[in-house]
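S.K.: Structure file start_17.cif, mmCIF, C-alpha atoms, is pasted below:
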```
data_coords
loop_
_atom_site.label_atom_id
_atom_site.label_comp_id
_atom_site.auth_asym_id
_atom_site.auth_seq_id
_atom_site.Cartn_x
_atom_site.Cartn_y
_atom_site.Cartn_z
CA MET A 1 63.01 -17.19 200.60
CA ILE A 2 63.56 -20.92 200.16
CA THR A 3 64.00 -23.32 203.06
CA LYS A 4 67.23 -25.03 204.12
CA ILE A 5 65.81 -28.31 202.80
CA ASP A 6 65.16 -26.74 199.39
CA ARG A 7 68.65 -25.22 199.36
CA ASN A 8 70.29 -28.54 200.11
CA TYR A 9 68.16 -30.23 197.45
CA ILE A 10 69.26 -27.71 194.80
CA ARG A 11 72.91 -28.01 195.78
CA ASN A 12 72.80 -31.81 195.67
CA LEU A 13 71.02 -31.69 192.32
CA VAL A 14 73.70 -29.42 190.84
CA LYS A 15 76.40 -31.66 192.30
CA GLU A 16 74.90 -34.51 190.26
CA GLY A 17 75.00 -32.39 187.08
CA LEU A 18 71.35 -31.32 187.06
CA ARG A 19 69.42 -28.09 187.54
CA VAL A 20 66.07 -27.69 189.22
CA ASP A 21 64.41 -26.35 186.02
CA GLY A 22 66.02 -28.94 183.74
CA ARG A 23 68.46 -26.61 182.02
CA LYS A 24 72.05 -27.48 181.20
CA PHE A 25 74.73 -25.63 183.16
CA GLU A 26 75.53 -23.33 180.20
CA GLU A 27 71.91 -22.83 179.16
CA THR A 28 70.15 -19.53 179.82
CA ARG A 29 66.44 -19.02 180.22
CA ASN A 30 64.34 -17.72 177.34
CA LEU A 31 65.06 -14.06 176.61
CA VAL A 32 62.45 -11.70 175.15
CA VAL A 33 63.30 -8.06 174.40
CA GLU A 34 60.74 -5.43 173.36
CA VAL A 35 61.68 -1.80 172.73
CA ASN A 36 59.77 1.49 172.81
CA THR A 37 57.40 0.16 175.45
CA VAL A 38 57.13 3.40 177.49
CA SER A 39 55.69 6.28 175.48
CA SER A 40 56.70 8.96 177.98
CA ALA A 41 60.41 8.07 177.82
CA GLU A 42 62.99 9.07 175.22
CA GLY A 43 64.02 5.41 175.04
CA SER A 44 62.67 2.25 176.66
CA ALA A 45 62.65 -1.52 176.72
CA THR A 46 60.91 -4.39 178.45
CA VAL A 47 62.92 -7.53 179.09
CA LYS A 48 61.73 -10.96 180.15
CA LEU A 49 64.38 -13.45 181.20
CA GLY A 50 62.46 -16.57 182.10
CA ASP A 51 59.91 -15.27 184.62
CA THR A 52 62.06 -12.29 185.59
CA GLU A 53 60.71 -9.09 184.04
CA VAL A 54 62.02 -5.53 184.05
CA ILE A 55 61.07 -2.28 182.35
CA VAL A 56 63.80 0.26 181.61
CA GLY A 57 63.16 3.86 180.63
CA VAL A 58 65.60 6.59 179.58
CA LYS A 59 64.94 10.30 180.07
CA MET A 60 67.17 13.06 178.72
CA GLU A 61 67.53 16.00 181.08
CA LEU A 62 69.73 19.09 181.26
CA GLY A 63 72.24 19.66 184.01
CA GLU A 64 75.79 20.50 184.96
CA PRO A 65 78.71 18.21 184.07
CA PHE A 66 80.97 16.62 186.65
CA PRO A 67 83.92 18.89 187.57
CA ASP A 68 86.50 16.40 186.27
CA THR A 69 84.71 15.97 182.90
CA PRO A 70 83.43 19.47 182.06
CA ASP A 71 82.97 18.66 178.36
CA GLU A 72 81.07 15.38 178.76
CA GLY A 73 77.48 14.41 179.39
CA VAL A 74 76.35 12.45 182.44
CA MET A 75 74.75 9.03 182.91
CA ILE A 76 72.78 8.13 186.03
CA VAL A 77 71.27 4.69 186.73
CA ASN A 78 68.54 4.09 189.30
CA ALA A 79 66.78 0.83 190.15
CA GLU A 80 63.50 0.35 191.96
CA LEU A 81 62.66 -2.92 193.69
CA GLY A 82 59.18 -2.82 195.14
CA PRO A 83 56.60 -5.27 196.54
CA ILE A 84 55.10 -5.68 193.06
CA ALA A 85 58.24 -7.59 192.06
CA SER A 86 58.67 -9.70 195.20
CA PRO A 87 57.27 -9.84 198.74
CA GLU A 88 60.92 -9.64 199.89
CA PHE A 89 61.11 -6.02 198.69
CA GLU A 90 59.71 -3.03 200.56
CA THR A 91 58.68 0.46 199.55
CA GLY A 92 60.81 3.42 200.53
CA ARG A 93 64.44 4.30 200.00
CA PRO A 94 66.47 2.01 197.71
CA GLY A 95 67.93 -0.92 199.63
CA GLU A 96 71.33 -2.50 199.27
CA GLU A 97 70.17 -4.82 196.48
CA ALA A 98 68.75 -1.95 194.41
CA VAL A 99 71.93 0.10 194.85
CA GLU A 100 74.11 -2.84 193.79
CA LEU A 101 71.88 -3.56 190.78
CA ALA A 102 72.15 0.03 189.56
CA ARG A 103 75.91 0.11 190.16
CA VAL A 104 76.63 -3.08 188.20
CA VAL A 105 74.46 -2.00 185.25
CA ASP A 106 76.11 1.44 185.27
CA ARG A 107 79.61 -0.01 185.34
CA GLY A 108 79.00 -2.40 182.45
CA ILE A 109 77.81 0.40 180.17
CA ARG A 110 80.27 3.06 181.34
CA GLU A 111 83.39 0.88 181.12
CA SER A 112 82.48 -0.28 177.62
CA LYS A 113 82.61 3.34 176.37
CA ALA A 114 79.40 2.56 174.50
CA ILE A 115 78.14 6.15 174.80
CA ASP A 116 80.11 9.06 173.36
CA PHE A 117 79.57 11.45 176.28
CA GLY A 118 81.54 14.18 174.50
CA LYS A 119 78.67 14.58 172.05
CA LEU A 120 76.30 15.29 174.94
CA CYS A 121 78.02 18.54 175.88
CA ILE A 122 76.01 21.71 175.17
CA GLU A 123 78.16 24.32 176.94
CA GLU A 124 81.47 23.16 178.43
CA GLY A 125 81.51 23.35 182.19
CA GLU A 126 77.97 24.66 182.30
CA LYS A 127 75.36 22.55 180.57
CA VAL A 128 75.22 18.97 179.30
CA TRP A 129 72.67 16.30 178.60
CA ILE A 130 72.04 13.93 181.50
CA CYS A 131 71.05 10.43 180.47
CA ALA A 132 68.88 9.07 183.30
CA ILE A 133 68.25 5.32 183.19
CA ASP A 134 65.44 4.07 185.41
CA ILE A 135 65.02 0.34 186.05
CA GLN A 136 61.66 -0.89 187.34
CA VAL A 137 61.53 -4.55 188.33
CA ILE A 138 58.12 -6.06 187.59
CA ASN A 139 58.82 -9.65 188.63
CA HIS A 140 61.85 -11.10 190.39
CA ASP A 141 62.68 -14.70 189.57
CA GLY A 142 66.45 -14.39 189.71
CA ASN A 143 69.28 -12.70 187.82
CA LEU A 144 67.99 -9.14 187.88
CA ILE A 145 71.44 -7.90 186.85
CA ASP A 146 71.36 -9.55 183.43
CA ALA A 147 67.74 -8.62 182.70
CA SER A 148 68.35 -5.01 183.77
CA GLY A 149 71.65 -4.68 181.91
CA ILE A 150 70.11 -6.00 178.70
CA GLY A 151 67.11 -3.71 179.17
CA ALA A 152 69.34 -0.69 179.77
CA ILE A 153 71.41 -1.08 176.59
CA ALA A 154 68.30 -1.87 174.53
CA ALA A 155 66.62 1.28 175.87
CA LEU A 156 69.73 3.37 175.17
CA LEU A 157 69.87 2.12 171.60
CA THR A 158 66.32 3.42 171.04
CA THR A 159 66.86 6.74 172.81
CA ARG A 160 66.28 9.94 170.86
CA ILE A 161 67.48 13.36 172.01
CA PRO A 162 64.75 16.02 172.22
CA GLU A 163 65.14 19.46 170.70
CA TYR A 164 66.86 22.07 172.84
CA ARG A 165 66.29 25.69 171.87
CA ASP A 166 66.39 29.01 173.74
CA GLY A 167 67.02 27.29 177.04
CA GLU A 168 64.03 24.96 176.78
CA ILE A 169 63.54 21.27 175.99
CA ASN A 170 60.89 20.43 173.41
CA ARG A 171 60.06 16.78 174.01
CA ASP A 172 57.56 16.78 171.17
CA LYS A 173 60.42 17.06 168.68
CA LEU A 174 63.25 14.52 168.68
CA VAL A 175 66.30 15.70 166.74
CA GLY A 176 68.81 12.87 166.93
CA LYS A 177 69.83 9.52 168.31
CA LEU A 178 71.79 9.04 171.50
CA PRO A 179 75.42 8.40 170.38
CA VAL A 180 75.66 4.68 171.23
CA SER A 181 78.21 2.73 169.20
CA LEU A 182 78.54 -0.59 171.08
CA ILE A 183 76.25 -3.18 172.62
CA PRO A 184 77.70 -4.34 175.97
CA ILE A 185 75.77 -7.33 177.29
CA PRO A 186 76.01 -8.84 180.80
CA CYS A 187 75.96 -12.52 181.71
CA THR A 188 75.99 -13.82 185.26
CA VAL A 189 77.50 -17.14 186.30
CA ALA A 190 76.69 -18.61 189.72
CA LYS A 191 78.88 -20.98 191.70
CA ILE A 192 76.84 -23.61 193.52
CA GLY A 193 79.07 -25.94 195.47
CA GLU A 194 81.89 -26.68 193.03
CA LYS A 195 79.78 -26.23 189.89
CA LEU A 196 79.20 -23.19 187.65
CA VAL A 197 75.81 -22.39 186.12
CA VAL A 198 74.78 -19.58 183.77
CA ASP A 199 71.77 -17.33 184.42
CA PRO A 200 70.78 -18.48 187.93
CA SER A 201 67.09 -18.60 188.80
CA LEU A 202 65.91 -17.17 192.12
CA GLU A 203 66.14 -20.58 193.81
CA GLU A 204 69.67 -21.03 192.51
CA GLU A 205 70.67 -17.54 193.67
CA GLU A 206 69.50 -18.39 197.15
CA SER A 207 71.57 -21.59 197.04
CA MET A 208 74.77 -20.21 195.47
CA ASN A 209 78.13 -19.60 197.08
CA ALA A 210 79.04 -16.70 194.78
CA ARG A 211 78.26 -15.10 191.47
CA LEU A 212 80.30 -13.40 188.78
CA THR A 213 78.75 -10.98 186.28
CA ILE A 214 80.74 -10.54 183.08
CA THR A 215 79.90 -7.71 180.68
CA ALA A 216 81.37 -7.82 177.19
CA PHE A 217 80.93 -6.65 173.59
CA ASP A 218 82.24 -8.32 170.45
CA GLY A 219 84.17 -10.83 172.54
CA LYS A 220 85.92 -8.11 174.57
CA LEU A 221 85.52 -7.88 178.33
CA CYS A 222 84.66 -4.46 179.73
CA ALA A 223 83.55 -5.20 183.31
CA MET A 224 83.32 -7.93 185.92
CA GLN A 225 81.57 -7.85 189.28
CA LYS A 226 81.58 -10.54 191.95
CA GLY A 227 78.68 -10.93 194.33
CA ALA A 228 77.82 -13.00 197.43
CA SER A 229 80.29 -14.16 200.08
CA GLY A 230 81.94 -17.11 198.30
CA SER A 231 85.01 -17.08 196.08
CA PHE A 232 86.20 -18.21 192.64
CA THR A 233 89.49 -19.85 191.78
CA THR A 234 91.47 -18.52 188.83
CA ASP A 235 90.36 -21.50 186.74
CA GLU A 236 86.73 -20.93 187.72
CA VAL A 237 86.96 -17.29 186.63
CA LYS A 238 88.38 -18.36 183.26
CA LYS A 239 85.64 -20.96 182.87
CA SER A 240 82.98 -18.41 183.85
CA ILE A 241 84.22 -15.99 181.19
CA GLU A 242 84.17 -18.73 178.58
CA MET A 243 80.60 -19.70 179.49
CA ALA A 244 79.46 -16.07 179.60
CA LEU A 245 80.88 -15.07 176.22
CA LYS A 246 78.86 -17.77 174.48
CA SER A 247 75.63 -16.53 176.04
CA ILE A 248 76.49 -12.88 175.38
CA GLU A 249 76.73 -13.46 171.64
CA GLU A 250 73.31 -15.12 171.62
CA ARG A 251 71.79 -12.31 173.68
CA LYS A 252 73.29 -9.62 171.46
CA LYS A 253 71.52 -11.10 168.43
CA ILE A 254 68.20 -10.95 170.28
CA VAL A 255 68.76 -7.29 171.22
CA GLU A 256 69.76 -6.39 167.65
CA LYS A 257 66.67 -8.10 166.26
CA ALA A 258 64.43 -6.20 168.69
CA ILE A 259 66.02 -2.88 167.70
CA LYS A 260 65.52 -3.54 163.99
CA SER A 261 61.94 -4.77 164.26
#
```
Mind turning this structure into C-alpha cells?

M.R.:
Amino acid sequence: MITKIDRNYIRNLVKEGLRVDGRKFEETRNLVVEVNTVSSAEGSATVKLGDTEVIVGVKMELGEPFPDTPDEGVMIVNAELGPIASPEFETGRPGEEAVELARVVDRGIRESKAIDFGKLCIEEGEKVWICAIDIQVINHDGNLIDASGIGAIAALLTTRIPEYRDGEINRDKLVGKLPVSLIPIPCTVAKIGEKLVVDPSLEEEESMNARLTITAFDGKLCAMQKGASGSFTTDEVKKSIEMALKSIEERKKIVEKAIKS
C-alpha cells in the first residue's frame, strides 16, 4: 500500500502529462504470453504484463448443465490471490478482489460467445462438459484483470477435450479442441484525476479515481466493467473505448503468435 505522499505525487505527475514509469498515457506494459505451461491441465498459459504475472489452467470435468440451458456446457472461473503474489493478500476463502477478478474475466469470455457451449453437451439435461478456469496470481503489480483475461483466453485456445467412454474420462487421450472461435481481449483504463491511462500499474491503481475494463474482439465490444468509487463522463467512456481498442489489437497479435509457436 502506497503512502498519501506517494499517491499525491502520482496524481500530480499524471496531471502534468507524465506517468511514474515513463510510459505514455496510451502505452501498455510489455506483454509476454506462453502457452501449455501446466502439464496437468487440458489447457494453460502464463502471462506477464510488466511485473504482474499470472498462471491460468483449464480442466475439463463432467457435470450437470444449468436448468435453463440443459443442452449447453458450463464454464466456471476461479481466482486465487495468495501471499505469494502480494503481502496484501491472505490465505483462506477468496476475498472480494478475487471474486471480482473471476467475475470480470468470466463475463468478458461469456458475453463474447467465444465458446460454443452447445458442442459441450453429452446428454441433454443430464451430462455436459464443465470448463473450469483457474487463475493463480504469482505476482501482483497492477492490472490483474487484463493479465488474467488474456491468460484465460490463451489457455482456452490451447485446451483439448479428453476422451470420454463408458462413463469415464481418459485424460491420457485428447480427442478434440475446445470449440473456441473468437479471441476476446480485455483492456483496462484508469482515471487518475481528470486523465485517462491504459494498463495501470499497482501504484496507479492505488491512486486512481475509477477504472473501466473493456473487453472486445475484432473491434466489437462484448463487455465493460467499472471498478472503484469514482465515475466517468460519457466523453471519458468514449475515449476509454478508443484507447482500449488500440491496445486490444496489439495484444491479440501477441496471443495469436503464442498459440502458433

S.K.: Using the chain letters and numbering of this document, enumerate as an MDAnalysis selection string the residues selected by the PyMOL selection byres ((chain A and resi 179) around 12).

M.R.: chainID A and resid 73 113:121 129 131 156:161 176:178 180:183

S.K.: Please identify all polymer residues lying at most 9 Å from the point (65.3, -15.9, 191.7) (file coordinates), using only C-alpha atoms, and present the result as an MDAnalysis selection string.

M.R.: chainID A and resid 51:52 140:144 200:206

S.K.: Name the residues captured by the PyMOL selection byres ((chain A and resi 79) around 12) when it is applied to the shown file; answer as JSON, numbers by chain.

M.R.: {"A": [54, 55, 56, 57, 76, 77, 78, 80, 81, 82, 93, 94, 95, 96, 97, 98, 99, 100, 101, 102, 103, 104, 105, 106, 132, 133, 134, 135, 136, 137, 138, 144, 145, 148, 149, 151, 152]}

S.K.: Go through A:Asp6, A:Glu256, A:Glu249, A:Glu16 one by one, measure the shortest atom-to-atom distance of each to A:Gly193 using only C-alpha atoms, and give the residue with the smallest value.

M.R.: A:Glu16

S.K.: I'd like to know which of A:Glu53, A:Glu88, A:Glu26, A:Glu126 is closest to A:Pro70, using all atoms listed in the file.

M.R.: A:Glu126

S.K.: Quick one: apply the PyMOL selection byres ((chain A and resi 261) around 12) to the file and drop the selected residues here as an NGL selection string.

M.R.: :A and (33-36 or 158 or 254-260)

S.K.: Kindly write stretch 145-176 of chain A with N, CA and C atoms to a file, as a PDB file, in the first residue's frame.

M.R.:
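So the final result, stored in decode-v3.pdb, reads:
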```pdb
ATOM      1  N   ILE A 145      -6.766  -7.871 -13.842  1.00  0.00           N
ATOM      2  CA  ILE A 145      -7.876  -8.213 -14.732  1.00  0.00           C
ATOM      3  C   ILE A 145      -7.380  -8.477 -16.150  1.00  0.00           C
ATOM      4  N   ASP A 146      -6.576  -7.572 -16.679  1.00  0.00           N
ATOM      5  CA  ASP A 146      -6.091  -7.748 -18.054  1.00  0.00           C
ATOM      6  C   ASP A 146      -5.199  -8.981 -18.174  1.00  0.00           C
ATOM      7  N   ALA A 147      -4.263  -9.131 -17.253  1.00  0.00           N
ATOM      8  CA  ALA A 147      -3.352 -10.277 -17.305  1.00  0.00           C
ATOM      9  C   ALA A 147      -4.125 -11.592 -17.215  1.00  0.00           C
ATOM     10  N   SER A 148      -5.119 -11.634 -16.329  1.00  0.00           N
ATOM     11  CA  SER A 148      -5.901 -12.858 -16.135  1.00  0.00           C
ATOM     12  C   SER A 148      -6.824 -13.133 -17.320  1.00  0.00           C
ATOM     13  N   GLY A 149      -7.429 -12.080 -17.864  1.00  0.00           N
ATOM     14  CA  GLY A 149      -8.307 -12.257 -19.017  1.00  0.00           C
ATOM     15  C   GLY A 149      -7.556 -12.740 -20.241  1.00  0.00           C
ATOM     16  N   ILE A 150      -6.370 -12.194 -20.449  1.00  0.00           N
ATOM     17  CA  ILE A 150      -5.528 -12.633 -21.572  1.00  0.00           C
ATOM     18  C   ILE A 150      -5.076 -14.074 -21.345  1.00  0.00           C
ATOM     19  N   GLY A 151      -4.694 -14.391 -20.113  1.00  0.00           N
ATOM     20  CA  GLY A 151      -4.275 -15.748 -19.789  1.00  0.00           C
ATOM     21  C   GLY A 151      -5.407 -16.749 -19.975  1.00  0.00           C
ATOM     22  N   ALA A 152      -6.618 -16.355 -19.603  1.00  0.00           N
ATOM     23  CA  ALA A 152      -7.768 -17.253 -19.704  1.00  0.00           C
ATOM     24  C   ALA A 152      -8.073 -17.601 -21.160  1.00  0.00           C
ATOM     25  N   ILE A 153      -8.119 -16.606 -22.038  1.00  0.00           N
ATOM     26  CA  ILE A 153      -8.448 -16.907 -23.440  1.00  0.00           C
ATOM     27  C   ILE A 153      -7.303 -17.662 -24.117  1.00  0.00           C
ATOM     28  N   ALA A 154      -6.067 -17.356 -23.747  1.00  0.00           N
ATOM     29  CA  ALA A 154      -4.930 -18.093 -24.308  1.00  0.00           C
ATOM     30  C   ALA A 154      -4.983 -19.557 -23.876  1.00  0.00           C
ATOM     31  N   ALA A 155      -5.326 -19.789 -22.602  1.00  0.00           N
ATOM     32  CA  ALA A 155      -5.433 -21.163 -22.104  1.00  0.00           C
ATOM     33  C   ALA A 155      -6.580 -21.902 -22.784  1.00  0.00           C
ATOM     34  N   LEU A 156      -7.705 -21.224 -22.982  1.00  0.00           N
ATOM     35  CA  LEU A 156      -8.852 -21.848 -23.643  1.00  0.00           C
ATOM     36  C   LEU A 156      -8.530 -22.237 -25.080  1.00  0.00           C
ATOM     37  N   LEU A 157      -7.769 -21.404 -25.749  1.00  0.00           N
ATOM     38  CA  LEU A 157      -7.404 -21.680 -27.141  1.00  0.00           C
ATOM     39  C   LEU A 157      -6.495 -22.902 -27.263  1.00  0.00           C
ATOM     40  N   THR A 158      -5.824 -23.273 -26.186  1.00  0.00           N
ATOM     41  CA  THR A 158      -4.943 -24.450 -26.214  1.00  0.00           C
ATOM     42  C   THR A 158      -5.613 -25.683 -25.623  1.00  0.00           C
ATOM     43  N   THR A 159      -6.827 -25.526 -25.107  1.00  0.00           N
ATOM     44  CA  THR A 159      -7.485 -26.620 -24.399  1.00  0.00           C
ATOM     45  C   THR A 159      -7.921 -27.747 -25.332  1.00  0.00           C
ATOM     46  N   ARG A 160      -7.626 -28.969 -24.914  1.00  0.00           N
ATOM     47  CA  ARG A 160      -8.046 -30.162 -25.635  1.00  0.00           C
ATOM     48  C   ARG A 160      -9.008 -30.957 -24.750  1.00  0.00           C
ATOM     49  N   ILE A 161     -10.021 -31.546 -25.368  1.00  0.00           N
ATOM     50  CA  ILE A 161     -11.023 -32.303 -24.624  1.00  0.00           C
ATOM     51  C   ILE A 161     -10.577 -33.766 -24.503  1.00  0.00           C
ATOM     52  N   PRO A 162     -10.536 -34.304 -23.295  1.00  0.00           N
ATOM     53  CA  PRO A 162     -10.115 -35.697 -23.130  1.00  0.00           C
ATOM     54  C   PRO A 162     -11.197 -36.674 -23.607  1.00  0.00           C
ATOM     55  N   GLU A 163     -10.779 -37.884 -23.839  1.00  0.00           N
ATOM     56  CA  GLU A 163     -11.711 -38.923 -24.296  1.00  0.00           C
ATOM     57  C   GLU A 163     -12.698 -39.271 -23.184  1.00  0.00           C
ATOM     58  N   TYR A 164     -13.957 -39.431 -23.592  1.00  0.00           N
ATOM     59  CA  TYR A 164     -14.987 -39.878 -22.644  1.00  0.00           C
ATOM     60  C   TYR A 164     -15.620 -41.146 -23.199  1.00  0.00           C
ATOM     61  N   ARG A 165     -15.496 -42.236 -22.456  1.00  0.00           N
ATOM     62  CA  ARG A 165     -16.026 -43.506 -22.925  1.00  0.00           C
ATOM     63  C   ARG A 165     -16.487 -44.352 -21.742  1.00  0.00           C
ATOM     64  N   ASP A 166     -17.671 -44.931 -21.879  1.00  0.00           N
ATOM     65  CA  ASP A 166     -18.231 -45.830 -20.858  1.00  0.00           C
ATOM     66  C   ASP A 166     -18.282 -45.163 -19.479  1.00  0.00           C
ATOM     67  N   GLY A 167     -18.625 -43.887 -19.490  1.00  0.00           N
ATOM     68  CA  GLY A 167     -18.798 -43.178 -18.229  1.00  0.00           C
ATOM     69  C   GLY A 167     -17.516 -42.734 -17.558  1.00  0.00           C
ATOM     70  N   GLU A 168     -16.388 -42.864 -18.235  1.00  0.00           N
ATOM     71  CA  GLU A 168     -15.097 -42.499 -17.644  1.00  0.00           C
ATOM     72  C   GLU A 168     -14.336 -41.519 -18.532  1.00  0.00           C
ATOM     73  N   ILE A 169     -13.544 -40.656 -17.895  1.00  0.00           N
ATOM     74  CA  ILE A 169     -12.680 -39.725 -18.620  1.00  0.00           C
ATOM     75  C   ILE A 169     -11.283 -40.319 -18.710  1.00  0.00           C
ATOM     76  N   ASN A 170     -10.755 -40.361 -19.916  1.00  0.00           N
ATOM     77  CA  ASN A 170      -9.382 -40.820 -20.134  1.00  0.00           C
ATOM     78  C   ASN A 170      -8.526 -39.601 -20.474  1.00  0.00           C
ATOM     79  N   ARG A 171      -7.847 -39.068 -19.482  1.00  0.00           N
ATOM     80  CA  ARG A 171      -7.067 -37.843 -19.690  1.00  0.00           C
ATOM     81  C   ARG A 171      -5.771 -38.100 -20.460  1.00  0.00           C
ATOM     82  N   ASP A 172      -5.435 -39.356 -20.636  1.00  0.00           N
ATOM     83  CA  ASP A 172      -4.230 -39.679 -21.403  1.00  0.00           C
ATOM     84  C   ASP A 172      -4.468 -39.591 -22.905  1.00  0.00           C
ATOM     85  N   LYS A 173      -5.748 -39.477 -23.291  1.00  0.00           N
ATOM     86  CA  LYS A 173      -6.083 -39.386 -24.711  1.00  0.00           C
ATOM     87  C   LYS A 173      -6.963 -38.165 -24.955  1.00  0.00           C
ATOM     88  N   LEU A 174      -6.451 -37.222 -25.718  1.00  0.00           N
ATOM     89  CA  LEU A 174      -7.187 -35.998 -26.032  1.00  0.00           C
ATOM     90  C   LEU A 174      -7.778 -36.137 -27.428  1.00  0.00           C
ATOM     91  N   VAL A 175      -9.084 -35.929 -27.542  1.00  0.00           N
ATOM     92  CA  VAL A 175      -9.776 -36.252 -28.796  1.00  0.00           C
ATOM     93  C   VAL A 175     -10.212 -35.038 -29.615  1.00  0.00           C
ATOM     94  N   GLY A 176     -10.112 -33.860 -29.076  1.00  0.00           N
ATOM     95  CA  GLY A 176     -10.535 -32.697 -29.855  1.00  0.00           C
ATOM     96  C   GLY A 176     -10.247 -31.396 -29.145  1.00  0.00           C
TER      97      GLY A 176
END
```
